[in-house]
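In what follows, a structure is listed as structure tokens, so that the remarks can point back to it.
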Amino acid sequence: MEKKMNIRANLSVTKNFDVYKVLKEIQREYIRGNTSRAELAQLFTNGELQDVLDDNIEAFWRKTSLKLTDDEKGRSISKLEVTDFCVEDMCIFISDIVDAMYGVSQEYSELFAVLALAGFDYGTDGYSLPHLLYVDKMEIYDTSSSGDIHVSVDSLLAAAKVLTDTERTDKVMIACKPEDKNIIEVLQDRYFLTVGNTGVMIFLFSTGDVECSNIDPHVFSIIG
């Protein structure tokens with residue numbers, strides 16, 4: 001599909017990762033109580049700080065909002081809300097991701113359970129698995145337009161390229177649970193795979209594959 005629209009994409013970080021902030025606060029708290037760094041490391045190793053980290057599981061994810069506008073026609077195309085997870089840290093510090101997630105988001109808990117059944121056990125093997133981005137909301141204002149849906153998918157892949165830290169891996173898994181039949185059809189055309197009968201669709205790609213996106217990541221205006 002050729003991109004013929006003059007697209008403006010605003011990518012806004014609405015909530016950033018706070019995991020290292022939480023770890024530093026734990027460190028400061030225990031050092032104030034005269035716990036040595038070696039003793040603190042032992043507490044982490046023994047899992048004695050597990051409850052604290054489980055209670056702060058929201059620190060392990062970032063939220064972004066992506067808005068697309070066709071500047072040539074002066075119309076809004078779509079709004080996507082995306083959560084990406086710091087899975088390389090979660091698999092180290094969270095003993096049971098599905099259980100810990102349930103206290104905050106039943107939807108995320110079910111997502112990780114479904115992915116584990118599909119062979120992507122982020123709780124155990126997170127560090128060796130692709131980065132995980134979950135589309136919380138894919139609001140396309142004219143779902144009868146396959147072009148609008150396609151360009152929204154392109155923008156999502158380009159956003160993943162902007163957001164992903166490729167130091168560990170450039171592989172990304174995008175997961176979503178669309179309900180609109182037109183969106184589902186386009187995602188199937190774009191090789192998104194449905195996981196069983198759960199409604200979850202996933203797409204694996206490498207940010208190094210320039211063919212995966214018809215939008216140059218440099219067109220993004222990043223806010224926040």
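We name chains A, B, ... following the order of the structure tokens; residues begin at 1 in each chain, and ligands are numbered from 1 as shown.
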Quick one: DSSP strand (DSSP E or B) residues in segment 115-213 of chain A, as a compact mmCIF listing (two decimals) with all heavy atoms, in the first residue's frame?
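The file below, result_34.txt, is the result:
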```txt
# COMPACT_ATOMS: atom_id res chain seq x y z
N HIS A 131 10.12 -7.21 22.71
CA HIS A 131 9.45 -6.14 23.43
C HIS A 131 7.95 -6.31 23.22
O HIS A 131 7.50 -6.78 22.16
CB HIS A 131 9.87 -4.77 22.89
CG HIS A 131 11.32 -4.47 23.07
ND1 HIS A 131 11.87 -4.14 24.29
CD2 HIS A 131 12.34 -4.43 22.18
CE1 HIS A 131 13.17 -3.92 24.14
NE2 HIS A 131 13.48 -4.09 22.88
N LEU A 132 7.16 -5.91 24.22
CA LEU A 132 5.71 -6.10 24.15
C LEU A 132 4.99 -4.77 24.19
O LEU A 132 5.13 -4.00 25.14
CB LEU A 132 5.24 -6.99 25.30
CG LEU A 132 3.73 -7.20 25.41
CD1 LEU A 132 3.17 -7.88 24.17
CD2 LEU A 132 3.39 -8.02 26.66
N LEU A 133 4.22 -4.48 23.13
CA LEU A 133 3.36 -3.30 23.07
C LEU A 133 1.92 -3.78 22.95
O LEU A 133 1.60 -4.61 22.09
CB LEU A 133 3.69 -2.41 21.87
CG LEU A 133 4.83 -1.40 22.02
CD1 LEU A 133 6.18 -2.09 22.16
CD2 LEU A 133 4.85 -0.45 20.82
N TYR A 134 1.06 -3.27 23.80
CA TYR A 134 -0.36 -3.64 23.78
C TYR A 134 -1.19 -2.43 23.41
O TYR A 134 -1.04 -1.36 24.00
CB TYR A 134 -0.80 -4.18 25.13
CG TYR A 134 -2.26 -4.62 25.15
CD1 TYR A 134 -2.67 -5.72 24.42
CD2 TYR A 134 -3.21 -3.92 25.88
CE1 TYR A 134 -4.00 -6.13 24.42
CE2 TYR A 134 -4.53 -4.31 25.90
CZ TYR A 134 -4.93 -5.42 25.16
OH TYR A 134 -6.24 -5.81 25.16
N VAL A 135 -2.04 -2.57 22.42
CA VAL A 135 -2.90 -1.48 21.98
C VAL A 135 -4.16 -1.48 22.83
O VAL A 135 -5.05 -2.32 22.65
CB VAL A 135 -3.26 -1.60 20.48
CG1 VAL A 135 -4.08 -0.39 20.04
CG2 VAL A 135 -2.00 -1.74 19.64
N ASP A 136 -4.22 -0.57 23.79
CA ASP A 136 -5.40 -0.48 24.66
C ASP A 136 -6.62 0.00 23.88
O ASP A 136 -7.74 -0.43 24.15
CB ASP A 136 -5.13 0.52 25.80
CG ASP A 136 -3.99 0.08 26.70
OD1 ASP A 136 -4.19 -0.84 27.50
OD2 ASP A 136 -2.89 0.65 26.58
N LYS A 137 -6.38 0.91 22.94
CA LYS A 137 -7.50 1.52 22.21
C LYS A 137 -7.05 1.83 20.79
O LYS A 137 -6.01 2.44 20.58
CB LYS A 137 -7.93 2.80 22.93
CG LYS A 137 -9.07 3.56 22.28
CD LYS A 137 -9.40 4.80 23.10
CE LYS A 137 -10.55 5.59 22.51
NZ LYS A 137 -10.84 6.81 23.30
N MET A 138 -7.83 1.38 19.82
CA MET A 138 -7.58 1.71 18.43
C MET A 138 -8.86 2.34 17.87
O MET A 138 -9.75 1.66 17.38
CB MET A 138 -7.17 0.48 17.62
CG MET A 138 -6.78 0.80 16.18
SD MET A 138 -6.35 -0.67 15.20
CE MET A 138 -4.82 -1.17 15.97
N GLU A 139 -8.95 3.66 17.99
CA GLU A 139 -10.14 4.38 17.56
C GLU A 139 -9.88 4.98 16.18
O GLU A 139 -9.16 5.97 16.04
CB GLU A 139 -10.49 5.48 18.57
CG GLU A 139 -11.77 6.21 18.25
CD GLU A 139 -12.17 7.23 19.30
OE1 GLU A 139 -11.40 7.40 20.27
OE2 GLU A 139 -13.23 7.83 19.15
N ILE A 140 -10.45 4.36 15.18
CA ILE A 140 -10.32 4.85 13.81
C ILE A 140 -11.68 5.43 13.43
O ILE A 140 -12.70 4.74 13.47
CB ILE A 140 -9.89 3.72 12.86
CG1 ILE A 140 -8.50 3.22 13.29
CG2 ILE A 140 -9.87 4.20 11.41
CD1 ILE A 140 -8.04 1.97 12.60
N LYS A 171 13.41 -6.84 18.17
CA LYS A 171 12.16 -7.56 17.92
C LYS A 171 11.04 -6.99 18.79
O LYS A 171 11.23 -6.73 19.98
CB LYS A 171 12.31 -9.05 18.23
CG LYS A 171 13.44 -9.74 17.46
CD LYS A 171 13.19 -9.71 15.96
CE LYS A 171 14.29 -10.47 15.22
NZ LYS A 171 14.16 -10.33 13.76
N VAL A 172 9.87 -6.82 18.19
CA VAL A 172 8.72 -6.25 18.90
C VAL A 172 7.51 -7.13 18.65
O VAL A 172 7.29 -7.61 17.53
CB VAL A 172 8.42 -4.82 18.42
CG1 VAL A 172 7.18 -4.25 19.11
CG2 VAL A 172 9.61 -3.90 18.67
N MET A 173 6.72 -7.35 19.70
CA MET A 173 5.41 -7.98 19.53
C MET A 173 4.35 -6.93 19.83
O MET A 173 4.34 -6.34 20.91
CB MET A 173 5.22 -9.17 20.48
CG MET A 173 3.82 -9.79 20.33
SD MET A 173 3.41 -10.96 21.66
CE MET A 173 4.54 -12.28 21.26
N ILE A 174 3.47 -6.70 18.86
CA ILE A 174 2.32 -5.85 19.08
C ILE A 174 1.12 -6.76 19.32
O ILE A 174 0.88 -7.70 18.55
CB ILE A 174 2.06 -4.92 17.88
CG1 ILE A 174 3.19 -3.90 17.76
CG2 ILE A 174 0.71 -4.21 18.01
CD1 ILE A 174 3.06 -2.97 16.57
N ALA A 175 0.39 -6.49 20.38
CA ALA A 175 -0.80 -7.27 20.70
C ALA A 175 -1.99 -6.32 20.79
O ALA A 175 -1.85 -5.17 21.22
CB ALA A 175 -0.63 -8.03 22.02
N CYS A 176 -3.13 -6.80 20.37
CA CYS A 176 -4.34 -5.98 20.46
C CYS A 176 -5.56 -6.90 20.50
O CYS A 176 -5.45 -8.11 20.26
CB CYS A 176 -4.44 -5.01 19.27
SG CYS A 176 -4.43 -5.82 17.65
N LEU A 193 -1.73 -12.38 13.71
CA LEU A 193 -2.24 -13.72 13.99
C LEU A 193 -3.18 -13.69 15.19
O LEU A 193 -2.92 -13.01 16.18
CB LEU A 193 -1.08 -14.67 14.28
CG LEU A 193 -0.03 -14.83 13.17
CD1 LEU A 193 1.09 -15.74 13.63
CD2 LEU A 193 -0.66 -15.37 11.89
N THR A 194 -4.27 -14.44 15.10
CA THR A 194 -5.21 -14.54 16.21
C THR A 194 -4.79 -15.68 17.13
O THR A 194 -4.48 -16.78 16.66
CB THR A 194 -6.64 -14.79 15.69
OG1 THR A 194 -7.01 -13.74 14.80
CG2 THR A 194 -7.63 -14.83 16.85
N MET A 201 -4.91 -10.54 19.01
CA MET A 201 -4.16 -10.64 17.77
C MET A 201 -2.74 -10.14 18.02
O MET A 201 -2.54 -9.17 18.75
CB MET A 201 -4.83 -9.83 16.65
CG MET A 201 -6.25 -10.26 16.35
SD MET A 201 -7.00 -9.36 14.96
CE MET A 201 -6.16 -10.14 13.56
N ILE A 202 -1.78 -10.83 17.44
CA ILE A 202 -0.38 -10.45 17.67
C ILE A 202 0.36 -10.32 16.35
O ILE A 202 0.00 -10.95 15.36
CB ILE A 202 0.36 -11.46 18.59
CG1 ILE A 202 0.38 -12.85 17.95
CG2 ILE A 202 -0.26 -11.49 19.97
CD1 ILE A 202 1.22 -13.86 18.73
N PHE A 203 1.39 -9.48 16.37
CA PHE A 203 2.23 -9.29 15.19
C PHE A 203 3.66 -9.15 15.65
O PHE A 203 3.98 -8.31 16.51
CB PHE A 203 1.80 -8.05 14.41
CG PHE A 203 2.60 -7.80 13.16
CD1 PHE A 203 2.50 -8.65 12.08
CD2 PHE A 203 3.44 -6.71 13.08
CE1 PHE A 203 3.24 -8.43 10.92
CE2 PHE A 203 4.18 -6.47 11.92
CZ PHE A 203 4.08 -7.33 10.84
N LEU A 204 4.55 -9.96 15.10
CA LEU A 204 5.97 -9.93 15.44
C LEU A 204 6.75 -9.31 14.30
O LEU A 204 6.53 -9.68 13.13
CB LEU A 204 6.49 -11.35 15.69
CG LEU A 204 6.05 -12.04 16.97
CD1 LEU A 204 6.40 -13.51 16.92
CD2 LEU A 204 6.69 -11.40 18.18
N PHE A 205 7.63 -8.38 14.61
CA PHE A 205 8.44 -7.78 13.56
C PHE A 205 9.73 -7.22 14.15
O PHE A 205 9.90 -7.14 15.37
CB PHE A 205 7.67 -6.68 12.84
CG PHE A 205 7.48 -5.41 13.62
CD1 PHE A 205 8.21 -4.27 13.34
CD2 PHE A 205 6.55 -5.35 14.66
CE1 PHE A 205 8.04 -3.10 14.05
CE2 PHE A 205 6.37 -4.19 15.38
CZ PHE A 205 7.12 -3.06 15.08
N SER A 206 10.62 -6.85 13.26
CA SER A 206 11.87 -6.24 13.65
C SER A 206 11.84 -4.77 13.26
O SER A 206 11.43 -4.43 12.15
CB SER A 206 13.05 -6.93 12.95
OG SER A 206 14.23 -6.17 13.09
```
Please provide as a ChimeraX atom specification all residues within 12 Å of Ala116 of chain A, with the sequence filter that same-chain residues fewer than 2 positions apart are discarded (counting only C-alpha atoms).
/A:96-98,109-114,118-126,129,195
Only all heavy atoms, please: the residues just picked out, written as a compact mmCIF listing (two decimals), in the first residue's frame.
```txt
# COMPACT_ATOMS: atom_id res chain seq x y z
N ASP A 96 5.26 -13.52 39.68
CA ASP A 96 4.11 -14.03 38.93
C ASP A 96 3.42 -12.83 38.28
O ASP A 96 2.61 -12.15 38.91
CB ASP A 96 3.14 -14.76 39.87
CG ASP A 96 2.00 -15.46 39.11
OD1 ASP A 96 1.67 -15.00 38.01
OD2 ASP A 96 1.45 -16.44 39.63
N ILE A 97 3.76 -12.58 37.01
CA ILE A 97 3.25 -11.39 36.33
C ILE A 97 1.73 -11.42 36.22
O ILE A 97 1.05 -10.41 36.46
CB ILE A 97 3.88 -11.26 34.93
CG1 ILE A 97 5.37 -10.91 35.07
CG2 ILE A 97 3.18 -10.18 34.12
CD1 ILE A 97 6.10 -10.80 33.75
N VAL A 98 1.17 -12.57 35.90
CA VAL A 98 -0.29 -12.68 35.73
C VAL A 98 -1.00 -12.33 37.03
O VAL A 98 -1.96 -11.55 37.05
CB VAL A 98 -0.68 -14.09 35.26
CG1 VAL A 98 -2.19 -14.26 35.27
CG2 VAL A 98 -0.12 -14.36 33.87
N SER A 109 -3.67 -8.80 32.92
CA SER A 109 -3.45 -10.12 33.49
C SER A 109 -3.83 -11.20 32.49
O SER A 109 -3.09 -12.17 32.26
CB SER A 109 -4.28 -10.26 34.77
OG SER A 109 -4.12 -11.55 35.33
N GLU A 110 -4.99 -11.02 31.86
CA GLU A 110 -5.44 -11.99 30.87
C GLU A 110 -4.52 -12.01 29.65
O GLU A 110 -4.27 -13.07 29.06
CB GLU A 110 -6.88 -11.67 30.45
CG GLU A 110 -7.89 -11.90 31.57
CD GLU A 110 -9.28 -11.40 31.22
OE1 GLU A 110 -9.42 -10.72 30.17
OE2 GLU A 110 -10.22 -11.67 31.99
N LEU A 111 -4.01 -10.84 29.27
CA LEU A 111 -3.09 -10.76 28.14
C LEU A 111 -1.85 -11.61 28.38
O LEU A 111 -1.47 -12.43 27.53
CB LEU A 111 -2.67 -9.31 27.90
CG LEU A 111 -1.52 -9.09 26.92
CD1 LEU A 111 -1.94 -9.49 25.50
CD2 LEU A 111 -1.05 -7.63 26.96
N PHE A 112 -1.22 -11.46 29.54
CA PHE A 112 -0.01 -12.22 29.83
C PHE A 112 -0.31 -13.71 29.96
O PHE A 112 0.52 -14.54 29.59
CB PHE A 112 0.68 -11.68 31.09
CG PHE A 112 1.50 -10.45 30.84
CD1 PHE A 112 0.97 -9.19 30.99
CD2 PHE A 112 2.82 -10.55 30.42
CE1 PHE A 112 1.72 -8.04 30.73
CE2 PHE A 112 3.59 -9.43 30.15
CZ PHE A 112 3.03 -8.17 30.31
N ALA A 113 -1.49 -14.05 30.48
CA ALA A 113 -1.86 -15.47 30.57
C ALA A 113 -2.03 -16.07 29.18
O ALA A 113 -1.57 -17.19 28.91
CB ALA A 113 -3.16 -15.60 31.38
N VAL A 114 -2.68 -15.32 28.29
CA VAL A 114 -2.88 -15.80 26.91
C VAL A 114 -1.54 -15.96 26.19
O VAL A 114 -1.30 -16.97 25.52
CB VAL A 114 -3.79 -14.81 26.14
CG1 VAL A 114 -3.74 -15.10 24.64
CG2 VAL A 114 -5.22 -14.91 26.64
N ALA A 118 0.41 -19.23 24.58
CA ALA A 118 0.85 -19.23 23.18
C ALA A 118 2.35 -19.46 23.05
O ALA A 118 2.87 -19.53 21.93
CB ALA A 118 0.47 -17.91 22.52
N GLY A 119 3.04 -19.60 24.19
CA GLY A 119 4.47 -19.88 24.15
C GLY A 119 5.36 -18.69 24.46
O GLY A 119 6.58 -18.80 24.37
N PHE A 120 4.74 -17.57 24.80
CA PHE A 120 5.51 -16.37 25.14
C PHE A 120 5.36 -16.11 26.65
O PHE A 120 4.53 -15.32 27.07
CB PHE A 120 5.02 -15.16 24.35
CG PHE A 120 5.14 -15.33 22.86
CD1 PHE A 120 4.05 -15.77 22.11
CD2 PHE A 120 6.33 -15.06 22.22
CE1 PHE A 120 4.16 -15.93 20.74
CE2 PHE A 120 6.45 -15.22 20.84
CZ PHE A 120 5.35 -15.65 20.10
N ASP A 121 6.16 -16.81 27.43
CA ASP A 121 6.06 -16.70 28.89
C ASP A 121 6.95 -15.56 29.38
O ASP A 121 8.10 -15.76 29.75
CB ASP A 121 6.44 -18.01 29.55
CG ASP A 121 6.15 -18.02 31.04
OD1 ASP A 121 5.81 -16.95 31.59
OD2 ASP A 121 6.26 -19.09 31.66
N TYR A 122 6.38 -14.35 29.41
CA TYR A 122 7.17 -13.19 29.81
C TYR A 122 7.57 -13.23 31.27
O TYR A 122 8.54 -12.59 31.66
CB TYR A 122 6.39 -11.91 29.50
CG TYR A 122 6.47 -11.51 28.05
CD1 TYR A 122 5.49 -11.88 27.14
CD2 TYR A 122 7.55 -10.78 27.57
CE1 TYR A 122 5.57 -11.53 25.81
CE2 TYR A 122 7.65 -10.43 26.24
CZ TYR A 122 6.66 -10.79 25.36
OH TYR A 122 6.76 -10.45 24.03
N GLY A 123 6.84 -13.98 32.08
CA GLY A 123 7.19 -14.09 33.49
C GLY A 123 8.49 -14.85 33.72
O GLY A 123 9.20 -14.60 34.70
N THR A 124 8.80 -15.77 32.81
CA THR A 124 10.00 -16.59 32.96
C THR A 124 11.09 -16.20 31.97
O THR A 124 12.26 -16.10 32.33
CB THR A 124 9.65 -18.08 32.76
OG1 THR A 124 8.67 -18.45 33.73
CG2 THR A 124 10.88 -18.95 32.93
N ASP A 125 10.68 -15.97 30.73
CA ASP A 125 11.65 -15.78 29.65
C ASP A 125 11.61 -14.37 29.06
O ASP A 125 12.06 -14.16 27.93
CB ASP A 125 11.39 -16.79 28.53
CG ASP A 125 11.39 -18.22 29.03
OD1 ASP A 125 12.32 -18.56 29.79
OD2 ASP A 125 10.47 -18.98 28.69
N GLY A 126 11.09 -13.42 29.81
CA GLY A 126 10.87 -12.08 29.28
C GLY A 126 12.08 -11.47 28.62
O GLY A 126 11.98 -10.83 27.57
N LEU A 129 12.54 -12.61 25.07
CA LEU A 129 11.39 -12.46 24.18
C LEU A 129 11.32 -11.05 23.60
O LEU A 129 12.01 -10.14 24.06
CB LEU A 129 10.11 -12.78 24.95
CG LEU A 129 9.95 -14.23 25.41
CD1 LEU A 129 8.70 -14.39 26.26
CD2 LEU A 129 9.91 -15.18 24.23
N VAL A 195 -4.76 -15.41 18.43
CA VAL A 195 -4.36 -16.41 19.42
C VAL A 195 -5.60 -17.18 19.87
O VAL A 195 -6.40 -16.69 20.67
CB VAL A 195 -3.66 -15.77 20.63
CG1 VAL A 195 -3.21 -16.85 21.61
CG2 VAL A 195 -2.48 -14.92 20.18
```
What does the distance from atom CA of Cys91 of chain A to atom CA of Gly33 of chain A come to in Å, to one decimal?
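So the two atoms, atom CA of Cys91 of chain A and atom CA of Gly33 of chain A, lie 27.8 Å apart.
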Just to confirm, what's the straight-line distance from atom CA of Ile149 of chain A to atom CA of Asp84 of chain A in Å (one decimal)?
21.0 Å
Atomic separation - atom CA of Glu81 of chain A relative to atom CA of Lys67 of chain A, Å:
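So the answer is 8.8 Å.
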Identify, with DSSP run on backbone atoms, the residues in segment 91-186 of chain A assigned to alpha helix (DSSP H), and express the list as a PyMOL selection string.
chain A and resi 91-93+97-102+106-117+122-125+146-163+181-186
Quick one: residues within 10 Å of segment 57-59 of chain A, only C-alpha atoms, excluding same-chain residues fewer than 2 positions away - as a PyMOL selection string?
chain A and resi 15-23+51-55+61-62+85-86+90+93-94+97+100-101+103-105
Just to be explicit: take each residue in the selection above, keep C-alpha atoms, and write the result as a PDB file, in the first residue's frame.
```
ATOM      1  CA  LYS A  15       3.015   7.845  31.578  1.00  0.00           C
ATOM      2  CA  ASN A  16       6.643   6.811  31.621  1.00  0.00           C
ATOM      3  CA  PHE A  17       8.466   3.850  33.152  1.00  0.00           C
ATOM      4  CA  ASP A  18       9.145   4.370  36.885  1.00  0.00           C
ATOM      5  CA  VAL A  19      10.800   1.055  37.723  1.00  0.00           C
ATOM      6  CA  TYR A  20      14.229   2.497  38.452  1.00  0.00           C
ATOM      7  CA  LYS A  21      12.691   5.245  40.552  1.00  0.00           C
ATOM      8  CA  VAL A  22      10.943   2.573  42.647  1.00  0.00           C
ATOM      9  CA  LEU A  23      14.166   0.580  43.019  1.00  0.00           C
ATOM     10  CA  ASP A  51       5.449  -7.712  47.724  1.00  0.00           C
ATOM     11  CA  VAL A  52       6.820  -4.185  47.401  1.00  0.00           C
ATOM     12  CA  LEU A  53       7.575  -4.684  43.716  1.00  0.00           C
ATOM     13  CA  ASP A  54       4.250  -6.406  43.038  1.00  0.00           C
ATOM     14  CA  ASP A  55       2.465  -3.437  44.610  1.00  0.00           C
ATOM     15  CA  TRP A  61       4.857   0.029  31.992  1.00  0.00           C
ATOM     16  CA  ARG A  62       4.720   3.158  29.837  1.00  0.00           C
ATOM     17  CA  PHE A  85       5.971  -3.139  29.164  1.00  0.00           C
ATOM     18  CA  CYS A  86       9.460  -3.228  30.631  1.00  0.00           C
ATOM     19  CA  MET A  90       9.458  -7.584  35.056  1.00  0.00           C
ATOM     20  CA  PHE A  93      11.575  -8.593  39.773  1.00  0.00           C
ATOM     21  CA  ILE A  94       7.985  -9.896  39.491  1.00  0.00           C
ATOM     22  CA  ILE A  97       3.248 -11.390  36.333  1.00  0.00           C
ATOM     23  CA  ALA A 100       0.535  -9.248  40.089  1.00  0.00           C
ATOM     24  CA  MET A 101      -1.195  -7.686  37.080  1.00  0.00           C
ATOM     25  CA  GLY A 103      -4.572  -6.451  41.174  1.00  0.00           C
ATOM     26  CA  VAL A 104      -4.303  -3.499  38.782  1.00  0.00           C
ATOM     27  CA  SER A 105      -5.643  -4.597  35.416  1.00  0.00           C
TER      28      SER A 105
END
```
Pick out the closest residue to Lys161 of chain A from this set: A:Glu72, A:Glu29, A:Glu107, A:Asp209. Count only C-alpha atoms.
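Among the listed residues, the smallest separation from Lys161 of chain A belongs to A:Asp209.
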